[in-house]
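target.cif (mmCIF, C-alpha atoms and all ligand atoms) appears below.
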data_work
#
loop_
_atom_site.label_atom_id
_atom_site.label_comp_id
_atom_site.auth_asym_id
_atom_site.auth_seq_id
_atom_site.Cartn_x
_atom_site.Cartn_y
_atom_site.Cartn_z
CA MET A 1 0.00 0.00 0.00
CA ARG A 2 1.10 3.57 -0.67
CA ILE A 3 0.18 6.55 1.55
CA ASP A 4 0.94 10.15 0.53
CA ILE A 5 0.58 12.88 3.16
CA MET A 6 0.14 16.46 1.89
CA THR A 7 1.07 19.06 4.49
CA ILE A 8 2.78 22.42 5.04
CA PHE A 9 4.71 20.80 7.93
CA PRO A 10 6.22 17.62 6.43
CA GLU A 11 8.88 17.45 9.16
CA LEU A 12 6.13 16.79 11.74
CA CYS A 13 5.02 13.73 9.80
CA GLU A 14 8.43 12.43 8.58
CA ASN A 15 9.73 11.68 12.06
CA TYR A 16 6.69 9.67 13.02
CA VAL A 17 6.40 7.55 9.88
CA HIS A 18 10.08 6.57 10.03
CA ALA A 19 10.02 5.43 13.67
CA SER A 20 8.93 2.26 15.48
CA ILE A 21 6.74 -0.41 13.87
CA ILE A 22 5.56 1.76 10.95
CA GLY A 23 9.13 2.90 10.22
CA ARG A 24 10.38 -0.70 10.21
CA ALA A 25 7.57 -1.71 7.84
CA VAL A 26 8.50 1.14 5.48
CA SER A 27 12.20 0.12 5.58
CA ALA A 28 11.22 -3.49 4.89
CA GLY A 29 9.15 -2.40 1.86
CA LYS A 30 5.83 -3.58 3.33
CA LEU A 31 4.33 -0.16 2.63
CA GLU A 32 5.37 3.17 1.16
CA ILE A 33 4.72 6.48 2.94
CA PHE A 34 5.66 9.84 1.41
CA CYS A 35 5.31 13.26 3.02
CA HIS A 36 4.92 16.16 0.58
CA ASN A 37 5.45 19.82 1.35
CA ILE A 38 2.52 21.67 -0.24
CA ARG A 39 4.68 24.82 -0.22
CA ASP A 40 6.98 23.21 -2.84
CA TYR A 41 4.09 23.45 -5.32
CA THR A 42 2.98 27.03 -4.87
CA ALA A 43 3.09 29.33 -7.88
CA ASP A 44 3.05 32.37 -5.57
CA LYS A 45 6.23 34.42 -5.86
CA HIS A 46 6.39 34.75 -2.06
CA HIS A 47 5.83 30.98 -1.60
CA ARG A 48 2.54 31.59 0.19
CA THR A 49 0.07 28.77 0.60
CA ASP A 50 -2.70 30.72 2.38
CA ASP A 51 -4.66 33.93 2.08
CA THR A 52 -7.35 35.91 3.87
CA PRO A 53 -10.93 34.58 3.71
CA TYR A 54 -13.40 36.10 1.25
CA GLY A 55 -16.26 37.63 3.21
CA GLY A 56 -13.94 38.64 6.03
CA GLY A 57 -13.35 36.98 9.35
CA MET A 58 -10.49 35.68 11.40
CA GLY A 59 -7.52 33.62 10.24
CA MET A 60 -6.21 32.41 6.92
CA VAL A 61 -7.44 29.88 4.36
CA MET A 62 -5.19 27.48 2.42
CA THR A 63 -5.23 28.36 -1.26
CA PRO A 64 -6.31 25.78 -3.86
CA GLN A 65 -3.47 26.03 -6.42
CA PRO A 66 -0.57 24.40 -4.50
CA ILE A 67 -2.80 21.61 -3.15
CA ASP A 68 -4.04 20.83 -6.67
CA ALA A 69 -0.48 20.88 -8.04
CA CYS A 70 0.79 18.67 -5.19
CA PHE A 71 -1.99 16.15 -5.87
CA ASP A 72 -1.18 16.15 -9.61
CA ALA A 73 2.49 15.47 -8.79
CA ILE A 74 1.51 12.51 -6.56
CA CYS A 75 -0.64 11.08 -9.37
CA ALA A 76 2.19 11.54 -11.88
CA GLN A 77 4.86 10.04 -9.57
CA SER A 78 2.78 7.01 -8.61
CA GLY A 79 1.00 6.47 -11.91
CA SER A 80 -2.31 6.12 -10.05
CA ARG A 81 -5.04 8.36 -8.66
CA PRO A 82 -5.15 7.81 -4.90
CA HIS A 83 -8.30 7.76 -2.81
CA MET A 84 -8.10 11.32 -1.45
CA ILE A 85 -8.96 12.01 2.18
CA TYR A 86 -9.17 15.45 3.81
CA MET A 87 -8.63 15.37 7.57
CA SER A 88 -11.38 17.61 8.93
CA PRO A 89 -13.40 18.05 12.13
CA GLN A 90 -16.42 18.08 9.79
CA GLY A 91 -15.77 14.55 8.46
CA GLN A 92 -17.11 11.16 9.51
CA THR A 93 -15.47 10.04 12.75
CA LEU A 94 -12.69 7.51 12.18
CA THR A 95 -13.53 3.96 13.25
CA GLN A 96 -11.65 0.68 13.22
CA ARG A 97 -14.12 -0.59 10.61
CA ARG A 98 -13.26 2.29 8.24
CA ALA A 99 -9.55 1.78 8.91
CA VAL A 100 -9.87 -1.89 7.90
CA GLN A 101 -11.62 -0.87 4.66
CA LEU A 102 -8.99 1.77 3.86
CA SER A 103 -6.14 -0.68 4.55
CA LYS A 104 -7.36 -2.77 1.59
CA LEU A 105 -6.90 0.12 -0.88
CA PRO A 106 -3.67 0.21 -2.88
CA HIS A 107 -3.14 3.96 -2.55
CA ILE A 108 -4.49 6.78 -0.39
CA ALA A 109 -3.53 10.47 -0.16
CA ILE A 110 -4.21 12.48 3.00
CA LEU A 111 -4.58 16.26 3.01
CA CYS A 112 -3.74 18.14 6.22
CA GLY A 113 -5.44 21.50 6.62
CA HIS A 114 -4.21 24.36 8.76
CA TYR A 115 -5.43 27.76 9.98
CA GLU A 116 -9.16 28.16 9.16
CA GLY A 117 -9.01 25.25 6.74
CA VAL A 118 -8.86 24.77 2.97
CA ASP A 119 -10.55 26.61 0.06
CA GLN A 120 -13.73 24.62 -0.61
CA ARG A 121 -13.20 24.53 -4.39
CA VAL A 122 -10.12 22.31 -4.24
CA LEU A 123 -11.88 20.01 -1.76
CA ASP A 124 -14.84 19.76 -4.15
CA LYS A 125 -12.48 18.92 -6.98
CA LEU A 126 -10.17 16.40 -5.30
CA CYS A 127 -11.57 14.95 -2.09
CA ASP A 128 -13.29 11.59 -2.00
CA GLU A 129 -13.91 11.67 1.73
CA GLU A 130 -13.47 13.79 4.89
CA ILE A 131 -12.40 12.02 8.07
CA SER A 132 -12.41 13.42 11.60
CA ILE A 133 -10.56 11.96 14.57
CA GLY A 134 -13.19 13.27 17.00
CA ASP A 135 -15.55 16.08 17.85
CA TYR A 136 -12.93 18.66 18.82
CA VAL A 137 -10.73 21.04 16.80
CA LEU A 138 -6.94 20.89 16.48
CA THR A 139 -4.70 23.56 14.96
CA GLY A 140 -3.74 21.38 12.01
CA GLY A 141 -4.38 18.11 10.20
CA GLU A 142 -0.94 16.60 10.83
CA LEU A 143 -1.81 14.75 14.05
CA PRO A 144 -5.10 13.50 12.55
CA ALA A 145 -3.23 12.36 9.38
CA LEU A 146 -0.72 10.47 11.52
CA VAL A 147 -3.52 8.89 13.54
CA LEU A 148 -5.14 7.71 10.31
CA THR A 149 -1.82 6.57 8.80
CA ASP A 150 -0.88 4.60 11.90
CA THR A 151 -4.19 2.84 12.32
CA VAL A 152 -4.42 1.96 8.62
CA ALA A 153 -0.75 0.99 8.21
CA ARG A 154 -0.74 -1.55 11.06
CA LEU A 155 -3.56 -3.42 9.28
CA VAL A 156 -1.62 -3.79 6.02
CA ASP A 157 -0.37 -7.36 5.42
CA GLY A 158 3.10 -7.93 6.79
CA VAL A 159 3.29 -4.81 8.99
CA LEU A 160 2.48 -6.71 12.20
CA ALA A 161 3.68 -10.28 12.79
CA SER A 162 0.23 -11.73 12.00
CA SER A 163 -3.39 -10.65 11.64
CA ALA A 164 -4.03 -12.21 15.09
CA CYS A 165 -2.11 -9.21 16.50
CA TYR A 166 -4.98 -6.87 15.64
CA GLU A 167 -7.96 -9.22 15.28
CA GLU A 168 -8.11 -9.78 19.05
CA GLU A 169 -7.62 -6.11 19.89
CA SER A 170 -10.25 -3.66 21.05
CA HIS A 171 -12.75 -2.50 18.42
CA TYR A 172 -11.83 -5.08 15.74
CA ASN A 173 -14.93 -7.16 16.48
CA GLY A 174 -16.88 -4.38 18.19
CA LEU A 175 -15.73 -5.30 21.72
CA LEU A 176 -12.87 -4.24 24.00
CA GLU A 177 -9.93 -6.55 24.60
CA TYR A 178 -9.44 -8.68 27.74
CA PRO A 179 -6.87 -7.54 30.36
CA GLN A 180 -3.20 -8.30 29.65
CA TYR A 181 -0.51 -9.43 32.12
CA THR A 182 3.22 -10.13 31.96
CA ARG A 183 6.03 -11.09 34.40
CA PRO A 184 6.36 -11.19 37.36
CA PRO A 185 3.53 -13.56 38.36
CA VAL A 186 3.08 -11.63 41.62
CA TRP A 187 3.73 -7.88 41.79
CA GLN A 188 3.15 -5.91 45.00
CA ASN A 189 0.88 -8.67 46.31
CA ARG A 190 -1.18 -8.64 43.13
CA ALA A 191 -1.20 -12.01 41.38
CA VAL A 192 -1.77 -12.71 37.70
CA PRO A 193 -5.07 -14.64 37.24
CA GLU A 194 -4.16 -18.30 37.79
CA ILE A 195 -5.83 -19.48 34.59
CA LEU A 196 -3.22 -17.61 32.52
CA LEU A 197 -0.44 -19.69 34.11
CA SER A 198 -2.29 -23.00 33.62
CA GLY A 199 -1.12 -23.70 30.06
CA ASP A 200 -4.70 -24.80 29.19
CA HIS A 201 -5.25 -22.90 25.95
CA ALA A 202 -8.96 -23.70 25.62
CA LYS A 203 -9.67 -22.45 29.13
CA ILE A 204 -7.52 -19.35 28.58
CA ALA A 205 -9.42 -18.56 25.37
CA ALA A 206 -12.78 -18.94 27.17
CA TRP A 207 -11.56 -16.73 30.06
CA ARG A 208 -10.40 -14.05 27.65
CA LYS A 209 -13.72 -14.07 25.80
CA GLU A 210 -15.58 -13.64 29.07
CA GLN A 211 -13.23 -10.88 30.25
CA SER A 212 -13.60 -9.09 26.93
CA LEU A 213 -17.39 -9.02 27.40
CA LEU A 214 -17.10 -7.88 31.04
CA ASN A 215 -14.56 -5.20 30.11
CA THR A 216 -16.86 -3.88 27.38
CA GLN A 217 -19.88 -3.96 29.67
CA ARG A 218 -17.99 -2.02 32.36
CA LYS A 219 -16.18 0.57 30.19
CA ARG A 220 -18.28 0.88 27.02
CA PRO A 221 -21.82 -0.43 27.51
CA ASP A 222 -22.79 1.39 24.29
CA LEU A 223 -20.49 -0.90 22.28
CA LEU A 224 -21.88 -4.01 23.91
CA ALA A 225 -25.45 -2.90 23.19
CA THR A 226 -24.58 -2.37 19.51
CA LYS A 227 -22.86 -5.76 19.33
CA LEU A 228 -25.85 -7.53 20.87
CA GLN A 229 -28.24 -5.74 18.49
CA GLN A 230 -26.18 -6.99 15.52
CA GLN A 231 -26.41 -10.64 16.64
N1 LIG B 1 -12.41 26.10 10.51
C1 LIG B 1 -12.49 24.68 10.54
C2 LIG B 1 -13.88 24.26 11.03
O1 LIG B 1 -14.44 24.97 11.86
O2 LIG B 1 -14.37 23.22 10.61
C3 LIG B 1 -11.43 24.09 11.48
C4 LIG B 1 -10.05 24.29 10.96
S1 LIG B 1 -8.85 23.54 12.02
C5 LIG B 1 -8.42 24.87 13.07
C6 LIG B 1 -7.43 23.40 10.96
C7 LIG B 1 -7.22 22.03 10.36
O3 LIG B 1 -6.96 21.08 11.36
C8 LIG B 1 -8.37 21.47 9.57
O4 LIG B 1 -8.37 21.97 8.26
C9 LIG B 1 -8.13 19.98 9.64
O5 LIG B 1 -7.25 19.54 8.61
C10 LIG B 1 -7.43 19.80 10.97
N2 LIG B 1 -8.30 19.30 12.04
C11 LIG B 1 -8.67 19.98 13.15
N3 LIG B 1 -9.44 19.24 13.94
C12 LIG B 1 -9.57 18.04 13.35
C13 LIG B 1 -10.25 16.82 13.69
N4 LIG B 1 -10.98 16.72 14.78
N5 LIG B 1 -10.15 15.79 12.83
C14 LIG B 1 -9.44 15.88 11.69
N6 LIG B 1 -8.78 17.00 11.33
C15 LIG B 1 -8.84 18.06 12.13
#
What does the file become when written as structure tokens?
Amino acid sequence: MRIDIMTIFPELCENYVHASIIGRAVSAGKLEIFCHNIRDYTADKHHRTDDTPYGGGMGMVMTPQPIDACFDAICAQSGSRPHMIYMSPQGQTLTQRRAVQLSKLPHIAILCGHYEGVDQRVLDKLCDEEISIGDYVLTGGELPALVLTDTVARLVDGVLASSACYEEESHYNGLLEYPQYTRPPVWQNRAVPEILLSGDHAKIAAWRKEQSLLNTQRKRPDLLATKLQQQ
């Protein structure tokens, strides 16, 4: 899979996508991630990428020309038109289900807004979808783009050791995960549940299933209600 991030702060994104599990997957060729500086594509003689809003009001608006040119360059470089996502507090809230769907696409591009946002005309022309990371407003789309990139990238084949790594995790099947424990078996008088030390894999699996349901009931009863409705 290829992911192109369009931003006026590529350095914020570069560091993240070249570190840890995602960085290792990029180095191993399991996925490609490119960060593009929208400013490199501006035709403005002062290299500006924003201007004052028509109609007046506070702040600046990102101009359409450099975003359009950046997108064209991505299409030309890759030889394909990516599914184009604008990170926006006005978009559909990101879910694990949507991340799974996006991870099956061969190529996505992610546009990070800044200031008051992006000129609507270039969004109308290029964007296939707006995605929000929650009902609150950040200063820019870089953190949201990295959230989306991370959650999608870890679902791409070969990025994690096996699909079991994410299939048992919270939200994959609509429930929260069971509690996790590691060494030592007793820590400050708190013991690991005995069943986990038993070596009986069938009993451990049953215990985890039960704990997953209890965890969901306790922390997110709304999720459990939705899950039960679907059955
Ligand atoms: N004026 C816009 C509005 O009211 O809808 C908000 C602009 S916000 C200050 C600047 C940029 O941050 C947005 O263009 C978007 O890319 C990003 N952003 C802010 N909050 C976000 C969120 N919850 N999810 C995704 N992107 C967000």
What does the structure give for the distance between atom CA of A:Ala109 and atom CA of A:Met58, in Å to one decimal?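 Pair atom CA of A:Ala109 / atom CA of A:Met58 returns 28.6 Å.
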Which is closer to A:Arg24 than all the others in A:Ala161, A:Leu214, A:Leu105, A:Ala225, using only C-alpha atoms?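 Of A:Ala161, A:Leu214, A:Leu105, A:Ala225, the one nearest A:Arg24, counting only C-alpha atoms, is A:Ala161.
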Dump as CSV the rows for residues of stretch 110-136 of chain A within 12 Å of stretch 73-76 of chain A: closest atom pair and distance in Å with one decimal, all atoms listed in the file counted, ordered by chain and rising residue number.
residue,atom,partner,partner_atom,distance
A:Ile110,CA,A:Ile74,CA,11.1
A:Leu111,CA,A:Ile74,CA,11.9
A:Leu126,CA,A:Cys75,CA,11.6
Residue neighbourhood stretch 174-181 of chain A, 10 Å, all atoms listed in the file, exclusion window fewer than 4 positions, as an MDAnalysis selection string: chainID A and resid 96:97 167:170 185 191:193 196 207:217 219:221 223:224 226:228
Which residues form the shell of 12 Å around ligand LIG 1 (chain B) when you count only C-alpha atoms and all ligand atoms, given as a PyMOL selection string? chain A and resi 5-8+50+53+57-63+85-94+110-120+123+129-148
Residues within 8 Å of (6.3, 17.8, -0.8), counting all atoms listed in the file, listed as a PyMOL selection string: chain A and resi 6-7+10+35-41+70
For A:Pro64, which residue out of A:Ser103, A:His201, A:Val17, A:Asp44 is the nearest one, using all atoms listed in the file?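 Of all the options, A:Asp44 lies closest to A:Pro64.
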Contact residues around A:Leu155 with all atoms listed in the file at 12 Å, ignoring same-chain residues under 5 positions, as a PDB file with C-alpha atoms, in the frame of the given file:
ATOM      1  CA  MET A   1       0.000   0.000   0.000  1.00  0.00           C
ATOM      2  CA  ILE A  21       6.740  -0.410  13.870  1.00  0.00           C
ATOM      3  CA  ILE A  22       5.560   1.760  10.950  1.00  0.00           C
ATOM      4  CA  ALA A  25       7.570  -1.710   7.840  1.00  0.00           C
ATOM      5  CA  LYS A  30       5.830  -3.580   3.330  1.00  0.00           C
ATOM      6  CA  LEU A  31       4.330  -0.160   2.630  1.00  0.00           C
ATOM      7  CA  GLN A  96     -11.650   0.680  13.220  1.00  0.00           C
ATOM      8  CA  ARG A  97     -14.120  -0.590  10.610  1.00  0.00           C
ATOM      9  CA  ARG A  98     -13.260   2.290   8.240  1.00  0.00           C
ATOM     10  CA  ALA A  99      -9.550   1.780   8.910  1.00  0.00           C
ATOM     11  CA  VAL A 100      -9.870  -1.890   7.900  1.00  0.00           C
ATOM     12  CA  GLN A 101     -11.620  -0.870   4.660  1.00  0.00           C
ATOM     13  CA  LEU A 102      -8.990   1.770   3.860  1.00  0.00           C
ATOM     14  CA  SER A 103      -6.140  -0.680   4.550  1.00  0.00           C
ATOM     15  CA  LYS A 104      -7.360  -2.770   1.590  1.00  0.00           C
ATOM     16  CA  LEU A 105      -6.900   0.120  -0.880  1.00  0.00           C
ATOM     17  CA  LEU A 148      -5.140   7.710  10.310  1.00  0.00           C
ATOM     18  CA  THR A 149      -1.820   6.570   8.800  1.00  0.00           C
ATOM     19  CA  ASP A 150      -0.880   4.600  11.900  1.00  0.00           C
ATOM     20  CA  LEU A 160       2.480  -6.710  12.200  1.00  0.00           C
ATOM     21  CA  ALA A 161       3.680 -10.280  12.790  1.00  0.00           C
ATOM     22  CA  SER A 162       0.230 -11.730  12.000  1.00  0.00           C
ATOM     23  CA  SER A 163      -3.390 -10.650  11.640  1.00  0.00           C
ATOM     24  CA  ALA A 164      -4.030 -12.210  15.090  1.00  0.00           C
ATOM     25  CA  CYS A 165      -2.110  -9.210  16.500  1.00  0.00           C
ATOM     26  CA  TYR A 166      -4.980  -6.870  15.640  1.00  0.00           C
ATOM     27  CA  GLU A 167      -7.960  -9.220  15.280  1.00  0.00           C
ATOM     28  CA  GLU A 169      -7.620  -6.110  19.890  1.00  0.00           C
ATOM     29  CA  TYR A 172     -11.830  -5.080  15.740  1.00  0.00           C
TER      30      TYR A 172
END
Find the distance between atom CA of A:Ala153 and atom CA of A:Pro106 and write it in Å to one decimal. 11.5 Å
Could you state the separation of atom CA of A:His18 and atom CA of A:Asp4 in Å, given to one decimal place?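 Rounded to one decimal, the two atoms are 13.7 Å apart.
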Under the rule that all atoms listed in the file are counted, which of A:Ala28, A:Ile67, A:Leu197, A:Ile33 is the nearest residue to A:Thr182?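 Looking at the shortest contact to A:Thr182, the residue is A:Leu197.
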